[in-house]
$ cat entry.cif   # mmCIF, C-alpha atoms and all ligand atoms
data_input
#
loop_
_atom_site.label_atom_id
_atom_site.label_comp_id
_atom_site.auth_asym_id
_atom_site.auth_seq_id
_atom_site.Cartn_x
_atom_site.Cartn_y
_atom_site.Cartn_z
CA MET T 16 4.66 42.54 -111.68
CA THR T 17 6.40 42.39 -108.34
CA ASN T 18 5.66 38.97 -106.93
CA THR T 19 8.54 38.83 -104.55
CA LEU T 20 10.73 41.62 -103.27
CA PRO T 21 14.49 41.54 -103.78
CA PHE T 22 15.12 41.70 -100.05
CA SER T 23 14.08 39.76 -97.03
CA THR T 24 13.71 41.51 -93.71
CA GLU T 25 11.14 41.00 -91.05
CA PHE T 26 9.52 44.39 -91.57
CA THR T 27 8.78 46.23 -94.77
CA HIS T 28 7.38 49.69 -95.42
CA SER T 29 5.52 50.94 -98.43
CA HIS T 30 5.01 54.66 -98.94
CA ILE T 31 2.28 55.74 -101.32
CA TYR T 32 2.84 59.27 -102.62
CA TYR T 33 0.20 61.73 -103.78
CA THR T 34 -0.36 65.40 -104.49
CA ALA T 35 -3.34 67.72 -104.06
CA GLU T 36 -4.51 66.53 -107.50
CA THR T 37 -4.25 62.82 -106.70
CA ARG T 38 -5.36 62.94 -103.05
CA GLU T 39 -8.77 61.44 -103.82
CA ALA T 40 -7.19 58.53 -105.67
CA ALA T 41 -4.88 58.02 -102.69
CA GLU T 42 -7.82 57.97 -100.30
CA ARG T 43 -9.68 55.43 -102.48
CA PHE T 44 -6.56 53.29 -102.74
CA ARG T 45 -6.03 53.47 -98.98
CA GLN T 46 -9.61 52.28 -98.37
CA LYS T 47 -9.04 49.29 -100.67
CA ILE T 48 -5.91 48.36 -98.74
CA ILE T 49 -7.82 48.69 -95.46
CA GLU T 50 -10.62 46.42 -96.75
CA LYS T 51 -8.25 43.70 -97.88
CA PHE T 52 -5.20 43.91 -95.65
CA SER T 53 -6.10 45.66 -92.40
CA ASP T 54 -5.63 42.40 -90.48
CA ARG T 55 -2.03 42.07 -91.66
CA THR T 56 -0.79 45.64 -92.05
CA GLN T 57 -0.53 48.89 -90.19
CA ILE T 58 -1.89 51.71 -92.33
CA SER T 59 -1.16 55.34 -91.54
CA ARG T 60 -3.41 58.31 -92.13
CA LEU T 61 -2.84 60.54 -95.15
CA VAL T 62 0.06 62.83 -94.28
CA ASP T 63 -0.59 66.00 -96.29
CA ARG T 64 2.91 67.39 -96.18
CA PRO T 65 6.49 66.32 -96.79
CA ILE T 66 7.77 64.39 -93.78
CA GLY T 67 11.24 62.97 -93.07
CA PRO T 68 12.83 61.80 -96.33
CA HIS T 69 9.53 61.93 -98.20
CA PRO T 70 9.36 64.89 -100.61
CA VAL T 71 5.57 65.02 -101.07
CA PRO T 72 2.45 63.91 -99.14
CA MET T 73 2.10 60.17 -98.61
CA PHE T 74 0.59 57.46 -96.51
CA GLU T 75 2.40 54.44 -95.24
CA VAL T 76 1.59 50.74 -95.10
CA ASP T 77 3.81 48.64 -92.82
CA PHE T 78 3.81 44.87 -93.08
CA HIS T 79 5.72 41.71 -92.33
CA SER T 80 7.68 40.31 -95.25
CA GLU T 81 5.46 37.23 -95.54
CA THR T 82 2.59 39.53 -96.54
CA ALA T 83 4.62 40.95 -99.46
CA ARG T 84 3.85 38.06 -101.80
CA GLU T 85 0.18 39.04 -101.80
CA LEU T 86 0.40 42.76 -101.06
CA ALA T 87 3.07 43.82 -103.58
CA PRO T 88 1.11 42.64 -106.67
CA PHE T 89 -2.02 44.23 -105.19
CA LEU T 90 -0.23 47.56 -104.80
CA GLU T 91 1.06 47.35 -108.38
CA LYS T 92 -2.39 46.55 -109.78
CA GLU T 93 -4.47 49.04 -107.77
CA ARG T 94 -2.16 52.03 -107.36
CA GLU T 95 -4.04 54.30 -109.83
CA GLY T 96 -0.81 55.71 -111.25
CA LEU T 97 0.53 56.73 -107.84
CA SER T 98 4.22 56.34 -107.07
CA ILE T 99 5.06 53.78 -104.40
CA LEU T 100 8.31 53.18 -102.57
CA ILE T 101 8.76 49.77 -100.95
CA HIS T 102 11.76 49.36 -98.69
CA PRO T 103 13.05 46.98 -96.03
CA VAL T 104 13.47 48.15 -92.45
CA SER T 105 16.91 47.51 -91.03
CA GLU T 106 19.49 49.41 -89.02
CA ASP T 107 20.73 51.26 -92.10
CA GLU T 108 17.98 53.64 -93.19
CA VAL T 109 20.00 55.16 -96.03
CA LYS T 110 20.68 51.78 -97.63
CA ASP T 111 17.07 50.70 -97.03
CA HIS T 112 15.71 53.71 -98.91
CA VAL T 113 18.33 53.96 -101.66
CA GLU T 114 19.97 50.63 -102.51
CA ARG T 115 17.45 48.08 -101.33
CA SER T 116 14.26 49.87 -102.30
CA VAL T 117 11.78 49.05 -105.05
CA TRP T 118 9.69 51.66 -106.86
CA LEU T 119 6.33 51.15 -108.48
CA GLY T 120 5.54 53.93 -110.92
CA THR T 121 7.58 57.11 -111.20
CA LYS T 122 10.58 57.24 -108.89
CA LEU T 123 10.75 60.35 -106.71
CA GLU T 124 13.79 62.13 -105.33
CA LEU T 125 13.97 61.38 -101.60
CA ASN T 126 15.54 63.67 -99.03
CA ILE T 127 18.47 61.40 -98.27
CA ALA T 128 20.23 64.16 -96.31
CA PHE T 129 17.46 63.83 -93.72
CA LEU T 130 18.18 60.12 -93.31
CA GLU T 131 21.90 60.75 -93.00
CA GLU T 132 21.30 63.37 -90.33
CA PHE T 133 18.82 61.11 -88.58
CA MET T 134 21.31 58.25 -88.50
CA ALA T 135 23.97 60.62 -87.20
CA GLY T 136 21.58 61.55 -84.38
CA LYS T 137 21.23 65.15 -85.55
CA VAL T 138 17.49 65.16 -86.11
CA GLU T 139 14.59 63.36 -84.48
CA SER T 140 12.57 60.71 -86.24
CA ALA T 141 9.66 62.13 -88.21
CA ARG T 142 7.67 58.99 -87.51
CA THR T 143 6.28 59.87 -84.10
CA ASP T 144 3.06 61.49 -85.36
CA LEU T 145 2.45 59.19 -88.34
CA HIS T 146 -0.25 57.05 -86.86
CA THR T 147 -1.93 59.67 -84.73
CA LYS T 148 -4.62 62.15 -85.65
CA LYS T 149 -3.59 65.49 -87.05
ZN ZN R 201 9.62 53.89 -94.55
#
$ encode --input "entry.cif" --output "structure tokens"
Amino acid sequence: MTNTLPFSTEFTHSHIYYTAETREAAERFRQKIIEKFSDRTQISRLVDRPIGPHPVPMFEVDFHSETARELAPFLEKEREGLSILIHPVSEDEVKDHVERSVWLGTKLELNIAFLEEFMAGKVESARTDLHTKK
């Protein structure tokens, strides 16, 4: 059980991955997070395609680190077998996603080349449409 995260930054992301087969579980899980944590988190819509470094569909829950103590065990307990990446948000996106990250469930292969290109200014952030309607 992840009671505390091995990093401390002001902002933390969690990415909950799903496939066509597990989309319903992801939607149920997302609703549970909304019911319990909507006052303390920002929860994205389901993004039904790979985006940025994320190799499969996912939704994202952003939170302040003080929320992690309660949210991380909740994610572990309720995730319905879905893979979750939890990572700090700092200036170094590659380190955040690779070295400082925590996985719940099966670890997926991220598109790190995207992050490297993003940090080098070669591609635009994929985040702009995350919280908007399709
Ligand atoms: Zn992220």
$ residues_near_ligand --input "entry.cif" --ligand "ligand ZN 201 (chain R)" --cutoff "12 Å" --atoms "all atoms listed in the file" --output "number ranges by chain"
T: 26-32, 58-59, 66-69, 73-78, 99-105, 107-113, 115-117, 125, 130, 140-142, 145
$ closest_residue --input "entry.cif" --among "T:Glu132, T:Glu139, T:Glu95, T:Glu106" --to "Glu39 in chain T" --atoms "all atoms listed in the file"
T:Glu95
$ atom_distance --input "entry.cif" --atom1 "CA of Thr34 in chain T" --atom2 "CA of Ala87 in chain T"
21.9 Å
$ atom_distance --input "entry.cif" --atom1 "CA of Phe22 in chain T" --atom2 "CA of Glu85 in chain T"
15.3 Å
$ atom_distance --input "entry.cif" --atom1 "CA of Gly136 in chain T" --atom2 "CA of Asp63 in chain T"
25.6 Å
$ residues_around --input "entry.cif" --residues "Leu90 in chain T" --least-positions-apart "6" --cutoff "9 Å" --atoms "only C-alpha atoms" --output "PDB file with C-alpha atoms, in the coordinates of the input"
ATOM      1  CA  PHE T  44      -6.560  53.290-102.740  1.00  0.00           C
ATOM      2  CA  ILE T  48      -5.910  48.360 -98.740  1.00  0.00           C
ATOM      3  CA  ILE T  99       5.060  53.780-104.400  1.00  0.00           C
ATOM      4  CA  LEU T 119       6.330  51.150-108.480  1.00  0.00           C
TER       5      LEU T 119
END
$ residues_near_point --input "entry.cif" --point "(-1.2, 42.8, -99.9)" --cutoff "12 Å" --atoms "all atoms listed in the file" --output "ChimeraX atom specification"
/T:17-19,27-29,45,47-58,76-94
